[in-house]
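Q: Below is one structure. I have some questions about it.
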Amino acid sequence: MKNLIINTLFFFISFFATAQQTVISGKVQDNVTKEALPYVTVSVLDNTSKMITAGVTDNHGAFTLEGDFMGKMTLSFSYVGYQKYTQILEITARKPKIELGTIHLITDAVQLNTVEVNGQKSNVSLKLDKKIFEVGKDVLSQNGSAHDVLNGVPSVAVSPAGAVSLRGNNSVLVLINGRQSGLTQNNALDQIAADQIDRIEVITNPSSRYDAAGSAGIINIILKKNKKSGFSGQVRLVAGSPNDSRLNPSLNYKSDKINIFSNFSIRSSDYAGLYTTNQSTGTNDTPSFMNRVQNEDRHDDGKLLYLGADYFINEHQTITAAFLKNATHDNDKTDLHYDYKSNSNSNSLDSLLTRNGKSLEKRDYSQLEFNYTRTFKNPAKKWTIDVQYDWWNSDKNWNLSTQRLFPDALVYPGIRTRSTGNSKDFLAKTDFIQPLDSVSVLEFGVKTEIRKVSSDYLAEEQQGNDWTIYQNIDNDLNYSETITGAYAQFSDKMKSFSYIFGLRTEFTDVSITDMKNTYNDEKKYNKLFPSVNLSYKFSSSTLQLNYSKRIRRPSLYALYPFNEVTDLNAQYIGNTDLNPSYTNVFEMAFLKTWKTFTLNPSLYYQNEKGYIQDFTYRKNDIFYTMPVNIDYQIRSGIEISALYNPSKWLQINAETNFFHFKQKGNYNEENLDYSGQNFTARLSTQIKLPAKFSFQERYNFRGAIQNAQTKNEALQSVDFGLSKILLKDKATIVFDVTNAFNLRQNKSITTGTNYVIKENSIPNAARYRLSFVYRFNLTDPKAIRQANSANRN
């Protein structure tokens with residue numbers, strides 16, 4: 001494959017080097033707000049006003065046009081809501097590369113008040129190093145949270161417990177606006193209102209500018225940014241059953257010097273969960289059976305505040321500062337019933353136990369972020385500095401009461417546990433983009449992140465009026481992690497052929513210690529992470545070849561060695577000896593767009609050394625599950641996404657993913673070698689109805705998947721929603737149903753020496769929601785422009 005890539009590259013270089021092309025480049029901004037304007041149409045006209053070529057600006061407002069231009073030409077810029085702008089150019093052979101700098105477009109007050117935009121851009125586009133999925137006006141993307149949005153993005157899935165996966169691989173780095181955030185941890189994505197999301201970037205083969213973490217790739221959630229001058233905002237109210245009450249107000253203000261943005265969220269949610277286990281242990285001569293039913297009643301209260309501002313120092317310098325506060329208070333109850341018997345077909349019980357638990361947990365997360373951006377006369381040149389500091393505290397208490405009901409009544413001693421933790425995380429990075437000419441760009445940057453976590457866990461058993469330590473569980477774990485990285489990458493374009501070559505290095509220093517000196521480990525590792533992105537663009541299609549090396553660092557949850565004792569029968573524990581895994585990822589992707597149809601197939605290959613998977617074993621009649629490293633997993637697959645818009649009122653989005661995997665390794669002398677395959681599919685249909693109604697249905701399917709120990713049966717779910725636009729397009733009301741008919745049930749079978757465990761998990765029951773959102777813009781655009789002009793003068 002290496003020889004193929006090199007030969008292909010030299011072919012394109014030799015082919016395109018013979019053609020002398022004129023290159024025109026620049027950037028387009030709003031004249032008042034200095035906001036970059038994407039999707040502006042840029043046309044080159046000859047002296048007879050005949051169009052020679054045309055293009056559109058990208059997400060940063062930048063454009064590049066190439067062609068055999070010569071003589072007097074007219075450059076035209078057009079965009080809905082803005083006055084048309086033209087510029088005369090005299091092109092000669094001496095100057096084949098023309099850099100126009102920044103073009104400022106002026107808003108058109110008449111157009112703003114009268115033009116109605118009926119068309120929508122395609123919600124899928126393929127960039128050189130990422131796929132971009134526009135959230136758009138999907139009904140199911142207006143209600144709920146970020147989890148609901150991600151469940152509608154091709155390649156992405158969110159489990160009932162909130163775990164995000166990409167192409168069936170849960171080793172994903174989730175970013176918000178390109179940065180790591182506490183909202184991507186501990187299921188806190190549920191705090192982000194769905195309608196605050198502008199688009200999702202899926203980066204299955206990231207270039208070197210991105211962190212090397214995440215063997216499956218990166219998911220970048222881009223939040224909506226205020227683009228309206230003056231005051232604007234919206235208020236959203238949500239009510240649901242089971243209880244899902246939300247209030248999400250946001251207020252923004254924007255002028256030519258400052259952009260203030262804010263978002264506040266209050267949430268009260270209830271979740272009903274049902275978990276069943278059928279377990280058989282022992283030999284054929286002395287078998288025993290246990291049936292467990294667990295009912296959960298979870299209640300979460302959450303408050304979120306996000307407040308920040310952009311300050312435009314001048315045309316080329318901007319500073320941004322923001323503060324985020326996320327506080328949650330959980331009140332959970334669980335009831336467990338255990339039936340024990342020696343014959344699975346017998347109706348008579350050997351014993352019956354019950355355990356009732358109540359948990360109170362408080363979590364508090366805060367984040368400060370600062371950004372400085374410096375642009376230059378050349379709009380492609382940019383220097384950024386980012387500093388982020390976050391800290392969180394948590395306090396969780398469990399109170400457990402256990403009693404035997406049969407054959408004779410017996411009350412066991414009460415058990416209580418307390419887990420307290422805190423974390424401090426500092427991040428600083430700087431990136432510089434230096435154009436070498438109109439199409440060649442050199443990028444480089446450095447980054448450091450320092451994280452310190454402390455976690456104290458204590459379990460106690462009641463003995464009369466006193467409490468004593470239970471099962472010797474009393475310890476304090478300290479975890480520190482420092483990651484220092486640097487990268488450089490070069491990108492160039494030769495007519496329709498583009499490429500990015502990059503190299504990143506990351507040095508990681510991890511230290512784990514505890515109060516009892518039971519866990520004392522320090523790991524240091526330094527690796528190089530190369531990346532290659534090749535792209536060839538046809539008239540209406542794009543072909544890509546990508547390669548990257550990735551790392552999967554164990555999460556703190558996977559390392560945490562203390563186990564909760566809520567369940568009498570099973571416990572999950574971390575593994576402090578866990579090592580990172582490394583993955584080589586190859587991918588070939590193709591995007592073809594017709595008038596009403598878009599097709600995006602991809603072939604991929606992933607070879608992960610030191611693969612991390614869960615391992616289950618039995619000790620003292622308790623089943624423990626912990627993550628372990630095995631030798632490797634090799635995964636190869638094909639993914640196909642399709643978007644069909646046969647008419648303005650109908651949109652169909654379909655996606656399939658099939659992969660085969662082979663894994664090899666052993667743990668505790670148990671062979672974990674296995675090979676298998678998996679198939680997933682998603683179908684979404686949106687219909688625009690009369691009277692500004694819209695309906696959407698989404699079906700998700702994941703086929704059965706198995707490893708050496710556990711088989712998970714097929715999983716499916718159905719969501720649908722209905723929306724209505726009213727009050728002169730200023731308000732929307734949405735009704736939606738998630739996990740309709742309670743189809744989303746995760747059934748599994750785990751088999752080991754002398755035991756079989758069958759489980760069925762339903763963490764979330766079907767949910768019905770009704771929401772109302774009202775949008776407002778309090779400012780007259782004409783008045784703002786006059787005021788801004790006066791200020792500038």
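Just so we're on the same page: first chain in the structure tokens is A, next is B, and so on; residues restart at 1 for each chain, and ligands are numbered from 1 in the order they show up.
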Leaving out segment 468-482 of chain A and any residue of its chain fewer than 2 positions from it, which residues lie within 9 Å of it when counting only C-alpha atoms, given as a CSV table (one decimal) with all heavy atoms, in the first residue's frame?
A:
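Once everything was written out, this is around.csv:
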chain,number,residue,atom,x,y,z
A,415,ILE,N,-24.8,-1.8,55.5
A,415,ILE,CA,-23.5,-1.4,54.8
A,415,ILE,C,-23.7,0.0,54.3
A,415,ILE,O,-24.7,0.3,53.7
A,415,ILE,CB,-23.2,-2.4,53.7
A,415,ILE,CG1,-22.9,-3.8,54.2
A,415,ILE,CG2,-21.9,-1.9,52.9
A,415,ILE,CD1,-22.7,-4.9,53.2
A,416,ARG,N,-22.6,0.8,54.4
A,416,ARG,CA,-22.6,2.1,53.9
A,416,ARG,C,-21.2,2.3,53.2
A,416,ARG,O,-20.2,1.9,53.7
A,416,ARG,CB,-22.9,3.2,54.9
A,416,ARG,CG,-21.8,3.4,56.0
A,416,ARG,CD,-22.3,4.4,57.0
A,416,ARG,NE,-21.2,4.7,58.0
A,416,ARG,CZ,-21.3,5.4,59.0
A,416,ARG,NH1,-22.5,6.0,59.3
A,416,ARG,NH2,-20.3,5.6,59.8
A,448,THR,N,0.7,21.2,26.4
A,448,THR,CA,0.9,20.4,27.6
A,448,THR,C,-0.4,20.4,28.5
A,448,THR,O,-1.1,21.3,28.5
A,448,THR,CB,2.1,21.1,28.5
A,448,THR,OG1,2.4,20.3,29.6
A,448,THR,CG2,1.7,22.5,28.9
A,449,GLU,N,-0.6,19.2,29.1
A,449,GLU,CA,-1.8,19.1,30.0
A,449,GLU,C,-1.3,18.4,31.2
A,449,GLU,O,-0.7,17.3,31.2
A,449,GLU,CB,-2.8,18.3,29.2
A,449,GLU,CG,-4.1,18.1,30.1
A,449,GLU,CD,-5.2,17.4,29.3
A,449,GLU,OE1,-5.0,16.9,28.2
A,449,GLU,OE2,-6.3,17.4,29.8
A,450,ILE,N,-1.7,18.9,32.4
A,450,ILE,CA,-1.4,18.4,33.7
A,450,ILE,C,-2.7,18.1,34.4
A,450,ILE,O,-3.5,19.0,34.6
A,450,ILE,CB,-0.5,19.4,34.5
A,450,ILE,CG1,0.8,19.7,33.7
A,450,ILE,CG2,-0.1,18.8,35.8
A,450,ILE,CD1,1.6,20.8,34.3
A,451,ARG,N,-2.8,16.9,34.9
A,451,ARG,CA,-4.0,16.5,35.5
A,451,ARG,C,-3.7,15.7,36.8
A,451,ARG,O,-2.9,14.9,36.9
A,451,ARG,CB,-4.9,15.5,34.6
A,451,ARG,CG,-6.2,15.1,35.2
A,451,ARG,CD,-6.9,14.1,34.3
A,451,ARG,NE,-8.2,13.8,34.7
A,451,ARG,CZ,-9.0,12.8,34.3
A,451,ARG,NH1,-8.4,12.0,33.4
A,451,ARG,NH2,-10.2,12.6,34.7
A,452,LYS,N,-4.4,16.1,37.9
A,452,LYS,CA,-4.2,15.5,39.2
A,452,LYS,C,-5.6,15.2,39.8
A,452,LYS,O,-6.4,16.0,39.9
A,452,LYS,CB,-3.4,16.4,40.2
A,452,LYS,CG,-2.0,16.7,39.7
A,452,LYS,CD,-1.3,17.6,40.7
A,452,LYS,CE,0.2,17.9,40.3
A,452,LYS,NZ,1.0,16.6,40.1
A,453,VAL,N,-5.7,13.9,40.2
A,453,VAL,CA,-7.0,13.4,40.7
A,453,VAL,C,-6.7,12.7,42.0
A,453,VAL,O,-5.8,11.9,42.2
A,453,VAL,CB,-7.6,12.4,39.7
A,453,VAL,CG1,-9.0,11.9,40.2
A,453,VAL,CG2,-7.8,13.0,38.3
A,454,SER,N,-7.6,12.9,43.0
A,454,SER,CA,-7.6,12.2,44.2
A,454,SER,C,-9.0,11.6,44.5
A,454,SER,O,-10.0,12.2,44.3
A,454,SER,CB,-7.3,13.2,45.4
A,454,SER,OG,-7.4,12.6,46.6
A,455,SER,N,-9.0,10.3,44.9
A,455,SER,CA,-10.2,9.6,45.1
A,455,SER,C,-10.1,8.8,46.4
A,455,SER,O,-9.2,8.0,46.6
A,455,SER,CB,-10.6,8.7,43.9
A,455,SER,OG,-11.8,8.1,44.1
A,456,ASP,N,-11.1,9.0,47.3
A,456,ASP,CA,-11.1,8.3,48.6
A,456,ASP,C,-12.3,7.4,48.7
A,456,ASP,O,-13.4,7.9,48.5
A,456,ASP,CB,-11.1,9.4,49.7
A,456,ASP,CG,-10.9,8.7,51.1
A,456,ASP,OD1,-10.8,7.5,51.2
A,456,ASP,OD2,-10.9,9.4,52.1
A,457,TYR,N,-12.1,6.1,49.0
A,457,TYR,CA,-13.2,5.2,49.0
A,457,TYR,C,-13.2,4.4,50.3
A,457,TYR,O,-12.2,3.9,50.7
A,457,TYR,CB,-13.2,4.2,47.8
A,457,TYR,CG,-14.4,3.4,47.7
A,457,TYR,CD1,-15.6,4.0,47.3
A,457,TYR,CD2,-14.4,2.0,48.0
A,457,TYR,CE1,-16.8,3.2,47.2
A,457,TYR,CE2,-15.5,1.2,47.8
A,457,TYR,CZ,-16.7,1.8,47.4
A,457,TYR,OH,-17.9,1.1,47.3
A,458,LEU,N,-14.4,4.4,51.0
A,458,LEU,CA,-14.5,3.7,52.3
A,458,LEU,C,-15.8,3.0,52.3
A,458,LEU,O,-16.9,3.5,51.9
A,458,LEU,CB,-14.5,4.8,53.4
A,458,LEU,CG,-14.9,4.3,54.8
A,458,LEU,CD1,-13.8,3.3,55.3
A,458,LEU,CD2,-15.1,5.5,55.8
A,459,ALA,N,-15.8,1.7,52.8
A,459,ALA,CA,-16.9,0.8,53.0
A,459,ALA,C,-17.0,0.4,54.4
A,459,ALA,O,-15.9,0.0,55.0
A,459,ALA,CB,-16.9,-0.4,52.0
A,460,GLU,N,-18.2,0.5,55.0
A,460,GLU,CA,-18.3,0.2,56.5
A,460,GLU,C,-19.5,-0.7,56.7
A,460,GLU,O,-20.5,-0.7,55.9
A,460,GLU,CB,-18.5,1.5,57.3
A,460,GLU,CG,-17.2,2.4,57.3
A,460,GLU,CD,-17.5,3.6,58.1
A,460,GLU,OE1,-18.5,4.4,57.7
A,460,GLU,OE2,-16.7,3.9,59.0
A,461,GLU,N,-19.4,-1.6,57.7
A,461,GLU,CA,-20.5,-2.5,58.1
A,461,GLU,C,-20.9,-2.2,59.5
A,461,GLU,O,-20.1,-1.9,60.4
A,461,GLU,CB,-20.0,-3.9,58.0
A,461,GLU,CG,-21.1,-5.0,58.3
A,461,GLU,CD,-20.5,-6.4,58.1
A,461,GLU,OE1,-19.5,-6.7,58.7
A,461,GLU,OE2,-21.1,-7.1,57.4
A,462,GLN,N,-22.2,-2.2,59.7
A,462,GLN,CA,-22.7,-1.8,61.1
A,462,GLN,C,-22.6,-3.0,62.0
A,462,GLN,O,-23.0,-4.1,61.7
A,462,GLN,CB,-24.2,-1.4,60.9
A,462,GLN,CG,-24.8,-0.8,62.2
A,462,GLN,CD,-26.2,-0.2,62.0
A,462,GLN,OE1,-26.8,-0.5,61.0
A,462,GLN,NE2,-26.6,0.6,63.0
A,463,GLN,N,-22.0,-2.8,63.2
A,463,GLN,CA,-21.9,-3.8,64.2
A,463,GLN,C,-22.5,-3.1,65.5
A,463,GLN,O,-21.8,-2.4,66.2
A,463,GLN,CB,-20.4,-4.1,64.4
A,463,GLN,CG,-19.8,-4.8,63.2
A,463,GLN,CD,-20.4,-6.2,62.9
A,463,GLN,OE1,-21.0,-6.8,63.8
A,463,GLN,NE2,-20.1,-6.6,61.7
A,466,ASP,N,-21.9,0.6,66.4
A,466,ASP,CA,-20.6,1.1,65.8
A,466,ASP,C,-20.6,0.6,64.3
A,466,ASP,O,-21.3,-0.2,63.8
A,466,ASP,CB,-19.4,0.4,66.5
A,466,ASP,CG,-19.4,0.9,68.0
A,466,ASP,OD1,-19.7,2.0,68.2
A,466,ASP,OD2,-19.1,0.0,68.8
A,484,THR,N,2.7,15.9,27.3
A,484,THR,CA,3.3,17.0,26.5
A,484,THR,C,3.5,16.6,25.1
A,484,THR,O,4.0,15.5,24.8
A,484,THR,CB,4.7,17.3,27.1
A,484,THR,OG1,4.6,17.6,28.5
A,484,THR,CG2,5.3,18.5,26.4
A,507,PHE,N,4.6,12.8,24.9
A,507,PHE,CA,5.3,12.2,26.0
A,507,PHE,C,4.3,12.2,27.2
A,507,PHE,O,3.7,13.2,27.5
A,507,PHE,CB,6.5,13.0,26.4
A,507,PHE,CG,7.2,12.4,27.7
A,507,PHE,CD1,7.9,11.3,27.6
A,507,PHE,CD2,7.0,13.1,28.9
A,507,PHE,CE1,8.5,10.8,28.8
A,507,PHE,CE2,7.6,12.6,30.0
A,507,PHE,CZ,8.4,11.4,30.0
A,508,THR,N,4.1,11.0,27.7
A,508,THR,CA,3.1,10.8,28.8
A,508,THR,C,3.8,10.3,30.1
A,508,THR,O,4.6,9.4,30.0
A,508,THR,CB,2.0,9.8,28.4
A,508,THR,OG1,1.4,10.2,27.2
A,508,THR,CG2,0.9,9.7,29.4
A,509,ASP,N,3.5,10.9,31.2
A,509,ASP,CA,4.0,10.5,32.5
A,509,ASP,C,2.8,10.3,33.4
A,509,ASP,O,2.1,11.3,33.7
A,509,ASP,CB,5.0,11.6,33.0
A,509,ASP,CG,5.7,11.2,34.3
A,509,ASP,OD1,5.3,10.1,34.9
A,509,ASP,OD2,6.6,11.9,34.8
A,510,VAL,N,2.6,9.1,33.9
A,510,VAL,CA,1.5,8.7,34.7
A,510,VAL,C,2.0,8.1,36.0
A,510,VAL,O,2.9,7.3,36.0
A,510,VAL,CB,0.6,7.7,34.0
A,510,VAL,CG1,-0.5,7.2,35.0
A,510,VAL,CG2,0.0,8.3,32.8
A,511,SER,N,1.4,8.6,37.1
A,511,SER,CA,1.8,8.1,38.4
A,511,SER,C,0.6,7.7,39.2
A,511,SER,O,-0.4,8.5,39.3
A,511,SER,CB,2.6,9.2,39.2
A,511,SER,OG,2.9,8.7,40.5
A,512,ILE,N,0.6,6.5,39.8
A,512,ILE,CA,-0.6,6.1,40.7
A,512,ILE,C,0.0,5.6,42.0
A,512,ILE,O,0.8,4.8,42.1
A,512,ILE,CB,-1.3,4.9,40.0
A,512,ILE,CG1,-1.8,5.3,38.6
A,512,ILE,CG2,-2.4,4.4,40.8
A,512,ILE,CD1,-2.4,4.1,37.8
A,513,THR,N,-0.5,6.3,43.1
A,513,THR,CA,-0.1,5.9,44.4
A,513,THR,C,-1.4,5.9,45.3
A,513,THR,O,-2.4,6.4,44.9
A,513,THR,CB,0.9,6.9,45.0
A,513,THR,OG1,0.3,8.2,45.1
A,513,THR,CG2,2.2,7.0,44.2
A,514,ASP,N,-1.3,5.2,46.4
A,514,ASP,CA,-2.4,5.1,47.3
A,514,ASP,C,-1.9,5.2,48.8
A,514,ASP,O,-0.7,5.0,49.1
A,514,ASP,CB,-3.2,3.9,47.1
A,514,ASP,CG,-2.5,2.6,47.5
A,514,ASP,OD1,-1.4,2.4,47.1
A,514,ASP,OD2,-3.1,1.8,48.3
A,515,MET,N,-2.8,5.4,49.7
A,515,MET,CA,-2.5,5.6,51.1
A,515,MET,C,-1.9,4.3,51.7
A,515,MET,O,-1.0,4.4,52.5
A,515,MET,CB,-3.8,5.9,51.9
A,515,MET,CG,-3.6,6.2,53.3
A,515,MET,SD,-5.2,6.6,54.1
A,515,MET,CE,-6.2,5.1,53.8
A,516,LYS,N,-2.3,3.2,51.3
A,516,LYS,CA,-1.8,1.9,51.9
A,516,LYS,C,-0.6,1.4,51.1
A,516,LYS,O,-0.1,0.3,51.5
A,516,LYS,CB,-2.9,0.8,51.9
A,516,LYS,CG,-4.1,1.2,52.8
A,516,LYS,CD,-5.1,0.0,52.8
A,516,LYS,CE,-6.2,0.3,53.8
A,516,LYS,NZ,-7.2,-0.8,53.8
A,519,TYR,N,-1.0,0.1,45.6
A,519,TYR,CA,-0.8,0.4,44.2
A,519,TYR,C,0.2,1.5,44.1
A,519,TYR,O,0.0,2.7,44.5
A,519,TYR,CB,-2.2,0.9,43.6
A,519,TYR,CG,-3.3,0.0,43.9
A,519,TYR,CD1,-4.2,0.3,44.9
A,519,TYR,CD2,-3.5,-1.2,43.3
A,519,TYR,CE1,-5.3,-0.5,45.3
A,519,TYR,CE2,-4.6,-2.1,43.6
A,519,TYR,CZ,-5.4,-1.7,44.6
A,519,TYR,OH,-6.5,-2.5,45.0
A,556,LEU,N,-9.5,6.9,33.7
A,556,LEU,CA,-9.4,6.8,35.1
A,556,LEU,C,-10.3,5.7,35.7
A,556,LEU,O,-10.0,5.0,36.6
A,556,LEU,CB,-9.6,8.2,35.8
A,556,LEU,CG,-9.5,8.2,37.3
A,556,LEU,CD1,-8.1,7.9,37.7
A,556,LEU,CD2,-9.9,9.6,37.8
A,560,TYR,N,-9.3,2.7,38.2
A,560,TYR,CA,-9.7,2.8,39.5
A,560,TYR,C,-9.9,1.4,40.2
A,560,TYR,O,-10.8,0.6,39.7
A,560,TYR,CB,-11.0,3.6,39.6
A,560,TYR,CG,-11.5,4.0,40.9
A,560,TYR,CD1,-10.8,5.0,41.6
A,560,TYR,CD2,-12.6,3.4,41.5
A,560,TYR,CE1,-11.3,5.4,42.9
A,560,TYR,CE2,-13.1,3.8,42.7
A,560,TYR,CZ,-12.4,4.8,43.4
A,560,TYR,OH,-12.8,5.2,44.7
A,561,PRO,N,-9.1,1.0,41.2
A,561,PRO,CA,-9.2,-0.4,41.7
A,561,PRO,C,-10.2,-0.7,42.7
A,561,PRO,O,-10.4,-1.9,43.0
A,561,PRO,CB,-7.8,-0.6,42.3
A,561,PRO,CG,-7.5,0.8,42.8
A,561,PRO,CD,-8.1,1.8,41.9
A,562,PHE,N,-10.9,0.3,43.2
A,562,PHE,CA,-11.9,0.0,44.3
A,562,PHE,C,-13.3,-0.3,43.6
A,562,PHE,O,-13.7,0.3,42.7
A,562,PHE,CB,-12.1,1.3,45.2
A,562,PHE,CG,-10.7,1.8,45.6
A,562,PHE,CD1,-10.5,3.2,45.7
A,562,PHE,CD2,-9.7,1.0,46.0
A,562,PHE,CE1,-9.3,3.7,46.1
A,562,PHE,CE2,-8.5,1.5,46.4
A,562,PHE,CZ,-8.3,2.8,46.4
A,563,ASN,N,-14.0,-1.2,44.2
A,563,ASN,CA,-15.2,-1.7,43.6
A,563,ASN,C,-16.4,-1.4,44.6
A,563,ASN,O,-16.3,-1.5,45.8
A,563,ASN,CB,-15.2,-3.2,43.4
A,563,ASN,CG,-14.7,-4.0,44.7
A,563,ASN,OD1,-13.5,-3.9,45.0
A,563,ASN,ND2,-15.5,-4.7,45.3
Q: Please identify all polymer residues within 7 Å of Lys257 of chain A, counting only C-alpha atoms, omitting same-chain residues fewer than 2 positions from it, and present them as a ChimeraX atom specification.
A: /A:255,311-312
Q: Once you have the residues from the selection above, write them out as a compact mmCIF listing (two decimals), in the first residue's frame, restricted to all heavy atoms.
A:
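Heads up, here's the output in part.txt:
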# COMPACT_ATOMS: atom_id res chain seq x y z
N SER A 255 -21.73 43.29 18.98
CA SER A 255 -21.48 44.56 18.31
C SER A 255 -20.20 44.42 17.51
O SER A 255 -19.67 43.31 17.36
CB SER A 255 -21.35 45.68 19.35
OG SER A 255 -20.18 45.52 20.12
N TYR A 311 -13.78 39.50 22.44
CA TYR A 311 -13.47 40.92 22.32
C TYR A 311 -12.59 41.12 21.10
O TYR A 311 -11.50 40.55 21.01
CB TYR A 311 -12.77 41.44 23.57
CG TYR A 311 -12.39 42.91 23.47
CD1 TYR A 311 -13.38 43.90 23.45
CD2 TYR A 311 -11.06 43.30 23.38
CE1 TYR A 311 -13.05 45.23 23.34
CE2 TYR A 311 -10.71 44.65 23.27
CZ TYR A 311 -11.71 45.60 23.25
OH TYR A 311 -11.38 46.93 23.14
N PHE A 312 -13.08 41.91 20.14
CA PHE A 312 -12.36 42.15 18.90
C PHE A 312 -11.45 43.36 19.10
O PHE A 312 -11.89 44.51 19.01
CB PHE A 312 -13.33 42.39 17.75
CG PHE A 312 -14.39 41.32 17.64
CD1 PHE A 312 -15.70 41.57 18.02
CD2 PHE A 312 -14.08 40.06 17.15
CE1 PHE A 312 -16.67 40.59 17.93
CE2 PHE A 312 -15.05 39.07 17.06
CZ PHE A 312 -16.34 39.33 17.44
Q: So which residues touch Tyr557 of chain A within 10 Å, counting only C-alpha atoms, skipping near sequence neighbours fewer than 2 positions away, as a ChimeraX atom specification?
A: /A:186,554-555,559-562,573-575,627
Q: Could you tell me how far atom CA of Pro249 of chain A lies from atom CA of Val158 of chain A, in Å and to one decimal?
A: 26.0 Å
Q: Which residues come within 8 Å of Gly703 of chain A, counting only C-alpha atoms, excluding same-chain residues fewer than 3 positions away, as a VMD selection string?
A: chain A and resid 678 to 680 713 to 715
Q: Could you give me, as an MDAnalysis selection string, the residues within 12 Å of Val164 of chain A, counting only C-alpha atoms and dropping anything in the same chain fewer than 5 positions from it?
A: chainID A and resid 146:151 153 155:159 169:175 184:190 214 216:219
Q: Please identify the helix (DSSP H, G or I) residues within segment 490-712 of chain A (assignment by DSSP from backbone atoms) and present them as a PyMOL selection string.
A: chain A and resi 556-559
Q: Would you please work out which residue, of A:Ser25, A:Asn314, A:Asn645, A:Thr320, is nearest to Ile687 of chain A when using only C-alpha atoms?
A: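 The closest residue to Ile687 of chain A is A:Asn645.
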Q: Which one of A:Leu405, A:Glu361, A:Ser641, A:Lys524 sits closest to Gly421 of chain A if you count only C-alpha atoms?
A: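 Among the listed residues, A:Glu361 lies closest to Gly421 of chain A.
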Q: Nearest to Glu35 of chain A among A:Asp390, A:Asp310, A:Asp198, A:Asp270, with distances taken over only C-alpha atoms: which residue is it?
A: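 Between A:Asp390, A:Asp310, A:Asp198, A:Asp270, the residue approaching Glu35 of chain A most closely is A:Asp310.
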Q: Would you list the contacts of Gly721 of chain A as number ranges by chain, taking every protein, DNA or RNA residue within 10 Å and counting only C-alpha atoms, but skipping same-chain residues closer than 5 positions in sequence?
A: A: 138-143, 686, 694-698, 734-738, 768-770
Q: With only C-alpha atoms as the basis for distance, which of A:Leu727, A:Ile203, A:Leu105, A:Ile176 is at the shortest distance from Asn533 of chain A?
A: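 Closest candidate: A:Ile203.
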Q: Please provide as a list of chain:residue names all residues within 8 Å of Gln434 of chain A, with the sequence filter that same-chain residues fewer than 2 positions apart are discarded (counting only C-alpha atoms).
A: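 Final neighbour list, sorted by chain and number: A:Ala380, A:Lys381, A:Lys382, A:Phe432, A:Leu436, A:Val441, A:Leu442, A:Glu443.
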Q: Selection from above, N, CA, C and O atoms, as an mmCIF file, in the first residue's frame, can you write it?
A:
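Saved to selection-v1.cif:
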data_model
loop_
_atom_site.group_PDB
_atom_site.id
_atom_site.type_symbol
_atom_site.label_atom_id
_atom_site.label_comp_id
_atom_site.auth_asym_id
_atom_site.auth_seq_id
_atom_site.Cartn_x
_atom_site.Cartn_y
_atom_site.Cartn_z
ATOM 1 N N ALA A 380 -5.064 33.246 5.534
ATOM 2 C CA ALA A 380 -4.767 31.861 5.874
ATOM 3 C C ALA A 380 -3.727 31.758 6.984
ATOM 4 O O ALA A 380 -3.528 30.692 7.560
ATOM 5 N N LYS A 381 -3.050 32.849 7.306
ATOM 6 C CA LYS A 381 -2.030 32.849 8.352
ATOM 7 C C LYS A 381 -2.693 33.133 9.696
ATOM 8 O O LYS A 381 -3.457 34.095 9.830
ATOM 9 N N LYS A 382 -2.389 32.310 10.699
ATOM 10 C CA LYS A 382 -3.073 32.479 11.987
ATOM 11 C C LYS A 382 -2.220 31.938 13.121
ATOM 12 O O LYS A 382 -1.525 30.930 12.980
ATOM 13 N N PHE A 432 0.298 27.535 15.219
ATOM 14 C CA PHE A 432 0.635 28.555 14.229
ATOM 15 C C PHE A 432 0.453 27.974 12.836
ATOM 16 O O PHE A 432 0.931 26.877 12.536
ATOM 17 N N LEU A 436 2.909 29.121 2.924
ATOM 18 C CA LEU A 436 4.152 29.306 2.191
ATOM 19 C C LEU A 436 3.887 29.968 0.846
ATOM 20 O O LEU A 436 4.743 30.677 0.307
ATOM 21 N N VAL A 441 0.745 25.184 2.932
ATOM 22 C CA VAL A 441 0.605 25.661 4.307
ATOM 23 C C VAL A 441 1.434 24.790 5.236
ATOM 24 O O VAL A 441 1.408 23.550 5.135
ATOM 25 N N LEU A 442 2.166 25.435 6.144
ATOM 26 C CA LEU A 442 2.905 24.746 7.189
ATOM 27 C C LEU A 442 2.246 25.062 8.528
ATOM 28 O O LEU A 442 2.000 26.222 8.850
ATOM 29 N N GLU A 443 1.953 24.015 9.298
ATOM 30 C CA GLU A 443 1.353 24.189 10.620
ATOM 31 C C GLU A 443 2.238 23.516 11.664
ATOM 32 O O GLU A 443 2.825 22.469 11.409
#
Q: Give me, as an MDAnalysis selection string, the residues of segment 272-365 of chain A that a backbone DSSP run labels strand (DSSP E).
A: chainID A and resid 272:281 288:314 317:341 351:365
Q: Using Å and a single decimal, report how far atom CA of Tyr624 of chain A sits from atom CA of Thr281 of chain A.
A: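 Between these atoms lies a distance of 14.6 Å.
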Q: Rounded to one decimal place, report the atom CA of Thr354 of chain A-atom CA of Asp335 of chain A distance in Å.
A: 7.4 Å
Q: Which of these, A:Gln716, A:Thr48, A:Thr92, A:Ser145, has the shortest distance to Phe69 of chain A once you count only C-alpha atoms?
A: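 Among the listed residues, the smallest separation from Phe69 of chain A belongs to A:Thr92.
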